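Note: the block below is start.cif and it holds mmCIF, C-alpha atoms.
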```cif
data_input
#
loop_
_atom_site.label_atom_id
_atom_site.label_comp_id
_atom_site.auth_asym_id
_atom_site.auth_seq_id
_atom_site.Cartn_x
_atom_site.Cartn_y
_atom_site.Cartn_z
CA MET A 1 87.54 105.06 29.02
CA ARG A 2 85.14 106.79 26.65
CA GLU A 3 81.64 107.57 27.79
CA LYS A 4 79.11 105.17 26.27
CA ILE A 5 77.09 106.97 23.67
CA LYS A 6 73.45 106.18 23.01
CA PHE A 7 72.91 106.63 19.27
CA MET A 8 69.15 106.34 19.45
CA LEU A 9 68.13 109.48 21.31
CA SER A 10 64.39 109.35 20.73
CA TYR A 11 61.77 107.73 18.59
CA LYS A 12 60.21 111.09 17.76
CA ASN A 13 60.83 112.04 14.18
CA GLU A 14 62.26 115.53 14.48
CA LEU A 15 60.49 116.57 11.27
CA ASP A 16 56.98 115.35 12.16
CA SER A 17 55.57 118.86 11.71
CA ILE A 18 56.38 118.81 7.98
CA ILE A 19 56.37 115.14 7.03
CA SER A 20 53.94 112.49 8.18
CA PRO A 21 54.87 108.91 9.02
CA GLU A 22 52.50 107.88 6.22
CA ASP A 23 54.43 109.98 3.68
CA CYS A 24 57.67 108.37 4.86
CA ALA A 25 56.20 104.87 4.67
CA LYS A 26 54.96 105.45 1.10
CA CYS A 27 58.32 106.66 -0.17
CA ARG A 28 61.04 104.83 1.81
CA PHE A 29 63.77 106.47 -0.31
CA CYS A 30 65.85 106.99 2.82
CA CYS A 31 65.46 103.32 3.79
CA SER A 32 67.30 101.90 0.79
CA TYR A 33 70.84 102.45 -0.33
CA ARG A 34 72.64 102.46 -3.64
CA ARG A 35 76.15 101.06 -3.53
CA CYS A 36 77.42 104.57 -4.17
CA SER A 37 75.52 105.91 -1.13
CA LEU A 38 76.43 103.40 1.56
CA TRP A 39 77.99 106.27 3.51
CA GLU A 40 74.36 107.26 4.22
CA THR A 41 73.59 104.17 6.34
CA PRO A 42 72.72 105.13 9.93
CA LEU A 43 74.93 104.59 12.95
CA PHE A 44 73.99 102.20 15.75
CA ASP A 45 75.68 102.04 19.16
CA LEU A 46 76.90 98.57 20.07
CA ASP A 47 74.35 98.03 22.86
CA SER A 48 71.56 98.86 20.42
CA VAL A 49 72.84 96.30 17.93
CA GLU A 50 72.56 93.60 20.60
CA LYS A 51 69.09 94.85 21.56
CA LEU A 52 67.96 94.77 17.92
CA LYS A 53 69.27 91.22 17.47
CA LYS A 54 67.34 90.17 20.58
CA ASN A 55 64.12 92.10 19.77
CA PHE A 56 64.03 91.16 16.08
CA PRO A 57 65.29 87.56 15.97
CA GLY A 58 63.57 86.91 12.63
CA GLN A 59 65.58 89.68 10.96
CA LYS A 60 68.78 88.43 9.41
CA ALA A 61 70.35 91.86 9.80
CA LYS A 62 74.09 92.13 9.41
CA PHE A 63 76.24 94.95 10.70
CA LYS A 64 79.67 96.42 9.98
CA PHE A 65 81.44 97.12 13.25
CA PHE A 66 83.78 99.98 14.02
CA ASP A 67 85.33 101.05 17.35
CA ASP A 68 82.18 102.11 19.18
CA PHE A 69 79.44 101.92 16.58
CA ALA A 70 78.08 99.84 13.75
CA THR A 71 76.22 100.42 10.49
CA ILE A 72 73.97 98.04 8.64
CA ASN A 73 75.76 95.77 6.21
CA ILE A 74 73.64 95.21 3.11
CA ASP A 75 76.49 94.17 0.79
CA ASP A 76 74.92 90.73 0.30
CA CYS A 77 71.57 92.26 -0.66
CA TYR A 78 72.71 93.54 -4.05
CA LYS A 79 71.98 91.32 -7.04
CA THR A 80 74.25 93.09 -9.57
CA ASP A 81 77.45 95.16 -9.65
CA ASP A 82 75.52 98.27 -10.73
CA PRO A 83 76.46 101.15 -8.36
CA GLU A 84 72.94 102.59 -8.80
CA GLU A 85 71.15 99.40 -7.70
CA GLU A 86 69.27 99.89 -4.43
CA ALA A 87 69.02 97.50 -1.50
CA PRO A 88 66.66 98.10 1.43
CA CYS A 89 67.61 98.54 5.05
CA TRP A 90 67.24 95.30 7.00
CA PHE A 91 64.54 96.98 9.11
CA ASN A 92 62.33 98.16 6.24
CA ASN A 93 59.46 95.69 5.94
CA GLY A 94 58.13 97.20 2.70
CA LYS A 95 55.60 99.29 4.61
CA GLY A 96 58.14 101.35 6.53
CA CYS A 97 60.56 101.03 9.41
CA ILE A 98 59.86 98.36 12.02
CA LEU A 99 62.24 99.79 14.63
CA GLY A 100 59.79 102.12 16.38
CA GLU A 101 61.50 103.52 19.48
CA ASP A 102 64.76 101.86 18.45
CA LYS A 103 65.10 103.99 15.31
CA PRO A 104 68.53 105.68 15.10
CA PHE A 105 68.77 109.44 15.61
CA GLU A 106 70.04 109.84 12.05
CA CYS A 107 66.83 108.34 10.72
CA SER A 108 64.73 110.71 12.82
CA VAL A 109 66.41 113.77 11.29
CA TRP A 110 66.86 112.63 7.68
CA PRO A 111 66.86 114.29 5.10
CA LEU A 112 68.90 116.70 7.21
CA ARG A 113 72.60 116.01 7.54
CA LEU A 114 75.48 117.58 9.37
CA MET A 115 78.34 117.95 6.91
CA ARG A 116 81.78 119.41 6.67
CA LYS A 117 82.17 121.90 3.81
CA ASP A 118 85.17 124.16 3.32
CA ASN A 119 86.29 123.53 6.93
CA LYS A 120 82.90 124.65 8.22
CA LEU A 121 80.15 122.61 9.78
CA VAL A 122 76.88 122.99 7.90
CA ILE A 123 73.37 121.63 8.20
CA THR A 124 72.23 120.39 4.83
CA LEU A 125 69.09 119.06 3.18
CA SER A 126 69.15 116.06 0.86
CA LEU A 127 67.47 116.67 -2.45
CA GLY A 128 66.43 113.00 -2.39
CA CYS A 129 63.48 113.58 -0.05
CA LYS A 130 60.81 114.91 -2.36
CA VAL A 131 58.25 115.48 0.42
CA VAL A 132 60.47 117.65 2.62
CA CYS A 133 61.99 119.40 -0.40
CA SER A 134 58.48 120.39 -1.49
CA LYS A 135 58.01 122.37 1.75
CA PRO A 136 59.01 126.02 2.06
CA LEU A 137 62.65 126.30 3.17
CA SER A 138 61.45 128.86 5.73
CA LYS A 139 59.49 126.09 7.51
CA ILE A 140 62.56 123.84 7.63
CA GLN A 141 64.66 126.77 8.86
CA GLU A 142 62.09 127.40 11.60
CA ILE A 143 62.47 123.81 12.84
CA LEU A 144 66.24 124.23 12.91
CA ASP A 145 65.99 127.55 14.76
CA ASP A 146 63.58 126.00 17.28
CA GLY A 147 66.43 123.82 18.57
CA LEU A 148 67.04 121.07 16.08
CA ASP A 149 70.30 122.74 15.05
CA LYS A 150 71.53 122.45 18.65
CA LYS A 151 70.44 118.79 18.84
CA LEU A 152 72.40 118.01 15.68
CA LEU A 153 75.49 119.72 17.05
CA GLU A 154 75.17 118.02 20.44
CA TYR A 155 74.87 114.64 18.78
CA ALA A 156 77.88 115.32 16.55
CA LYS A 157 80.00 116.19 19.57
CA LYS A 158 79.15 112.80 21.07
CA VAL A 159 79.26 110.87 17.78
CA PRO A 160 81.79 112.51 15.41
CA ALA A 161 81.13 109.87 12.72
CA PHE A 162 77.69 111.49 12.33
CA ILE A 163 79.40 114.34 10.43
CA LYS A 164 79.80 113.52 6.74
CA GLU A 165 81.80 115.21 4.02
CA TYR A 166 79.76 117.58 1.89
CA SER A 167 77.93 116.09 -1.10
CA GLU A 168 76.60 118.06 -4.07
CA ASN A 169 73.25 116.28 -3.65
CA TYR A 170 72.62 118.39 -0.55
CA ILE A 171 71.84 122.08 -0.15
CA VAL A 172 73.27 124.10 2.71
CA LEU A 173 70.62 125.42 5.07
CA LYS A 174 72.78 126.79 7.85
CA THR A 175 76.43 127.20 8.84
CA LEU A 176 76.94 126.30 12.50
CA GLU A 177 80.52 127.08 13.44
CA GLU A 178 83.44 128.43 11.47
CA ASP A 179 86.18 126.43 13.19
CA PHE A 180 84.40 123.29 14.23
CA ASN A 181 87.05 120.66 14.82
CA ILE A 182 85.99 117.27 16.10
CA ASN A 183 88.61 114.60 16.29
CA GLU A 184 87.21 111.44 14.67
CA ASN A 185 88.60 109.47 17.60
CA GLY A 186 86.73 111.59 20.16
#
```
Could I get this structure in the form of structure tokens?
Amino acid sequence: MREKIKFMLSYKNELDSIISPEDCAKCRFCCSYRRCSLWETPLFDLDSVEKLKKNFPGQKAKFKFFDDFATINIDDCYKTDDPEEEAPCWFNNGKGCILGEDKPFECSVWPLRLMRKDNKLVITLSLGCKVVCSKPLSKIQEILDDGLDKKLLEYAKKVPAFIKEYSENYIVLKTLEEDFNINENG
């Protein structure tokens, strides 16, 4: 039997030293998804989905379920067939995220992503976050070197679906391991 994985490691936003909660709440770019970027929706462990349904009964959140995790399902939120149309996360109230301590790990580290590029595992930065992208890359690198890189790798070992295929909308900040091979089934 597989060890139960907790997908929400901490409420602390790992990038608080370079982006304020107020900046995040003003923008909310990472809290809405175009049809063509649904692969970006965060992962939730199954226990957390039940907790969210209980703690936020007024939310009509829907989820897509996989073996041991779920993602938000916002398919019904789109009003057109335009792949560029955006739909908000179920937990974005227009002023920011309402999840507090229940925020997924992926949300606490975005716009950073762990991706597979040329059979290597790389930490990348989304060009979509204008606030973080306006900071010196050296400051972001410092945060990674202070241990965030290890947290990302540790999380990926527990939750292989956290690793995404490389996208041209991201820049590579750091290569972690040359021969990183995680079986998607654990």
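Residues having any atom no farther than 8 Å from (68.4, 103.7, -0.9) (counting only C-alpha atoms) are A:Arg28, A:Phe29, A:Cys30, A:Cys31, A:Ser32, A:Tyr33, A:Arg34, A:Ser37, A:Glu86, A:Ala87, A:Pro88, A:Cys89.
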Residue selection dump (C-alpha atoms) as an mmCIF file, in the frame of the given file:
```cif
data_model
loop_
_atom_site.group_PDB
_atom_site.id
_atom_site.type_symbol
_atom_site.label_atom_id
_atom_site.label_comp_id
_atom_site.auth_asym_id
_atom_site.auth_seq_id
_atom_site.Cartn_x
_atom_site.Cartn_y
_atom_site.Cartn_z
ATOM 1 C CA ARG A 28 61.040 104.830 1.810
ATOM 2 C CA PHE A 29 63.770 106.470 -0.310
ATOM 3 C CA CYS A 30 65.850 106.990 2.820
ATOM 4 C CA CYS A 31 65.460 103.320 3.790
ATOM 5 C CA SER A 32 67.300 101.900 0.790
ATOM 6 C CA TYR A 33 70.840 102.450 -0.330
ATOM 7 C CA ARG A 34 72.640 102.460 -3.640
ATOM 8 C CA SER A 37 75.520 105.910 -1.130
ATOM 9 C CA GLU A 86 69.270 99.890 -4.430
ATOM 10 C CA ALA A 87 69.020 97.500 -1.500
ATOM 11 C CA PRO A 88 66.660 98.100 1.430
ATOM 12 C CA CYS A 89 67.610 98.540 5.050
#
```
Practice item. Would you kindly return, as a list in words, each protein, DNA or RNA residue with an atom no farther than 8 Å from any atom of Leu46 in chain A, considering all atoms listed in the file and excluding same-chain residues fewer than 3 positions away? Key: Val49, Glu50, Asp68, Phe69 and Ala70 of chain A
Exercise for review: Apply the PyMOL selection byres ((chain A and resi 115) around 8) to the structure shown and report the selected residues as a PyMOL selection string.
Suggested key: chain A and resi 113-114+116-117+121-124+163-166
Okay, now the selection with C-alpha atoms, as a PDB file, in the frame of the given file?
```
ATOM      1  CA  ARG A 113      72.600 116.010   7.540  1.00  0.00           C
ATOM      2  CA  LEU A 114      75.480 117.580   9.370  1.00  0.00           C
ATOM      3  CA  ARG A 116      81.780 119.410   6.670  1.00  0.00           C
ATOM      4  CA  LYS A 117      82.170 121.900   3.810  1.00  0.00           C
ATOM      5  CA  LEU A 121      80.150 122.610   9.780  1.00  0.00           C
ATOM      6  CA  VAL A 122      76.880 122.990   7.900  1.00  0.00           C
ATOM      7  CA  ILE A 123      73.370 121.630   8.200  1.00  0.00           C
ATOM      8  CA  THR A 124      72.230 120.390   4.830  1.00  0.00           C
ATOM      9  CA  ILE A 163      79.400 114.340  10.430  1.00  0.00           C
ATOM     10  CA  LYS A 164      79.800 113.520   6.740  1.00  0.00           C
ATOM     11  CA  GLU A 165      81.800 115.210   4.020  1.00  0.00           C
ATOM     12  CA  TYR A 166      79.760 117.580   1.890  1.00  0.00           C
TER      13      TYR A 166
END
```
Compile a residue-level contact table for range 40-79 of chain A against range 91-112 of chain A at a cut-off of 10 Å, reporting for every qualifying residue the shortest atom pair and its distance in Å to one decimal, with only C-alpha atoms counted, rows ordered by chain and ascending number, as a Markdown table.
```
| residue | atom | partner | partner_atom | distance |
| --- | --- | --- | --- | --- |
| A:Glu40 | CA | A:Glu106 | CA | 9.3 |
| A:Thr41 | CA | A:Glu106 | CA | 8.8 |
| A:Pro42 | CA | A:Glu106 | CA | 5.8 |
| A:Leu43 | CA | A:Pro104 | CA | 6.8 |
| A:Phe44 | CA | A:Pro104 | CA | 6.5 |
| A:Asp45 | CA | A:Pro104 | CA | 9.0 |
| A:Ser48 | CA | A:Asp102 | CA | 7.7 |
| A:Val49 | CA | A:Asp102 | CA | 9.8 |
| A:Lys51 | CA | A:Asp102 | CA | 8.8 |
| A:Leu52 | CA | A:Asp102 | CA | 7.8 |
| A:Asn55 | CA | A:Leu99 | CA | 9.4 |
| A:Phe56 | CA | A:Leu99 | CA | 8.9 |
| A:Gln59 | CA | A:Phe91 | CA | 7.6 |
| A:Lys60 | CA | A:Phe91 | CA | 9.5 |
| A:Ala61 | CA | A:Phe91 | CA | 7.8 |
| A:Ile72 | CA | A:Phe91 | CA | 9.5 |
```
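One finds CA of Leu152 in chain A at 23.5 Å from CA of Lys64 in chain A.
Our summary of the geometry notes that CA of Ala25 in chain A is positioned 21.7 Å from CA of Lys139 in chain A.
CA of Ile18 in chain A to CA of Lys130 in chain A spans 11.9 Å [interatomic distance, one decimal].
Nearest to Tyr170 in chain A of all the residues A:Leu127, A:Ser138, A:Asp146, A:Asp75 is A:Leu127, based on all atoms listed in the file.
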Because the input lacks atoms here, generate all heavy atoms for range 44-55 of chain A and report them as a CSV table (one decimal), in the frame of the given file.
```csv
chain,number,residue,atom,x,y,z
A,44,PHE,N,74.6,102.9,14.6
A,44,PHE,CA,74.0,102.2,15.8
A,44,PHE,C,75.1,102.0,16.8
A,44,PHE,O,76.2,101.6,16.5
A,44,PHE,CB,73.5,100.8,15.4
A,44,PHE,CG,72.4,100.8,14.4
A,44,PHE,CD1,72.6,100.8,13.0
A,44,PHE,CD2,71.1,100.6,14.8
A,44,PHE,CE1,71.6,100.8,12.1
A,44,PHE,CE2,70.0,100.6,13.9
A,44,PHE,CZ,70.3,100.7,12.6
A,45,ASP,N,74.7,102.3,18.1
A,45,ASP,CA,75.7,102.0,19.2
A,45,ASP,C,75.7,100.5,19.4
A,45,ASP,O,74.7,99.8,19.0
A,45,ASP,CB,75.4,102.8,20.4
A,45,ASP,CG,74.0,102.4,21.0
A,45,ASP,OD1,74.0,101.4,21.8
A,45,ASP,OD2,73.0,103.1,20.7
A,46,LEU,N,76.7,100.0,20.0
A,46,LEU,CA,76.9,98.6,20.1
A,46,LEU,C,75.8,97.9,20.9
A,46,LEU,O,75.4,96.8,20.6
A,46,LEU,CB,78.3,98.3,20.6
A,46,LEU,CG,79.4,98.8,19.7
A,46,LEU,CD1,80.8,98.4,20.2
A,46,LEU,CD2,79.3,98.3,18.2
A,47,ASP,N,75.4,98.6,22.0
A,47,ASP,CA,74.4,98.0,22.9
A,47,ASP,C,73.1,97.9,22.1
A,47,ASP,O,72.3,96.9,22.2
A,47,ASP,CB,74.1,98.9,24.1
A,47,ASP,CG,75.3,98.8,25.1
A,47,ASP,OD1,76.0,97.8,25.0
A,47,ASP,OD2,75.4,99.7,25.9
A,48,SER,N,72.8,98.9,21.2
A,48,SER,CA,71.6,98.9,20.4
A,48,SER,C,71.6,97.7,19.4
A,48,SER,O,70.5,97.1,19.1
A,48,SER,CB,71.3,100.2,19.7
A,48,SER,OG,71.1,101.2,20.7
A,49,VAL,N,72.7,97.4,18.9
A,49,VAL,CA,72.8,96.3,17.9
A,49,VAL,C,72.4,95.0,18.6
A,49,VAL,O,71.6,94.2,18.1
A,49,VAL,CB,74.3,96.2,17.3
A,49,VAL,CG1,74.4,94.9,16.6
A,49,VAL,CG2,74.6,97.4,16.5
A,50,GLU,N,72.9,94.8,19.8
A,50,GLU,CA,72.6,93.6,20.6
A,50,GLU,C,71.1,93.6,20.9
A,50,GLU,O,70.4,92.6,20.8
A,50,GLU,CB,73.4,93.5,21.9
A,50,GLU,CG,74.9,93.2,21.6
A,50,GLU,CD,75.1,92.0,20.7
A,50,GLU,OE1,74.5,90.9,21.0
A,50,GLU,OE2,75.9,92.1,19.7
A,51,LYS,N,70.5,94.8,21.3
A,51,LYS,CA,69.1,94.8,21.6
A,51,LYS,C,68.3,94.5,20.3
A,51,LYS,O,67.3,93.8,20.4
A,51,LYS,CB,68.8,96.3,22.1
A,51,LYS,CG,67.3,96.5,22.4
A,51,LYS,CD,67.1,97.9,22.9
A,51,LYS,CE,65.6,98.1,23.1
A,51,LYS,NZ,65.3,99.5,23.5
A,52,LEU,N,68.7,95.0,19.2
A,52,LEU,CA,68.0,94.8,17.9
A,52,LEU,C,68.0,93.3,17.6
A,52,LEU,O,67.0,92.7,17.1
A,52,LEU,CB,68.5,95.6,16.8
A,52,LEU,CG,68.3,97.1,16.9
A,52,LEU,CD1,69.1,97.8,15.8
A,52,LEU,CD2,66.9,97.5,16.9
A,53,LYS,N,69.2,92.7,17.7
A,53,LYS,CA,69.3,91.2,17.5
A,53,LYS,C,68.3,90.4,18.4
A,53,LYS,O,67.7,89.5,17.9
A,53,LYS,CB,70.7,90.8,17.6
A,53,LYS,CG,71.6,91.2,16.5
A,53,LYS,CD,73.0,90.7,16.8
A,53,LYS,CE,74.0,91.1,15.6
A,53,LYS,NZ,75.3,90.6,15.9
A,54,LYS,N,68.2,90.9,19.6
A,54,LYS,CA,67.3,90.2,20.6
A,54,LYS,C,65.9,90.4,20.3
A,54,LYS,O,65.0,89.5,20.3
A,54,LYS,CB,67.7,90.6,22.0
A,54,LYS,CG,66.8,90.0,23.1
A,54,LYS,CD,67.2,90.6,24.4
A,54,LYS,CE,66.2,90.1,25.5
A,54,LYS,NZ,66.4,90.7,26.8
A,55,ASN,N,65.5,91.7,20.0
A,55,ASN,CA,64.1,92.1,19.8
A,55,ASN,C,63.6,91.7,18.4
A,55,ASN,O,62.4,91.6,18.2
A,55,ASN,CB,63.9,93.6,20.0
A,55,ASN,CG,64.1,94.0,21.4
A,55,ASN,OD1,64.1,93.2,22.3
A,55,ASN,ND2,64.2,95.3,21.7
```
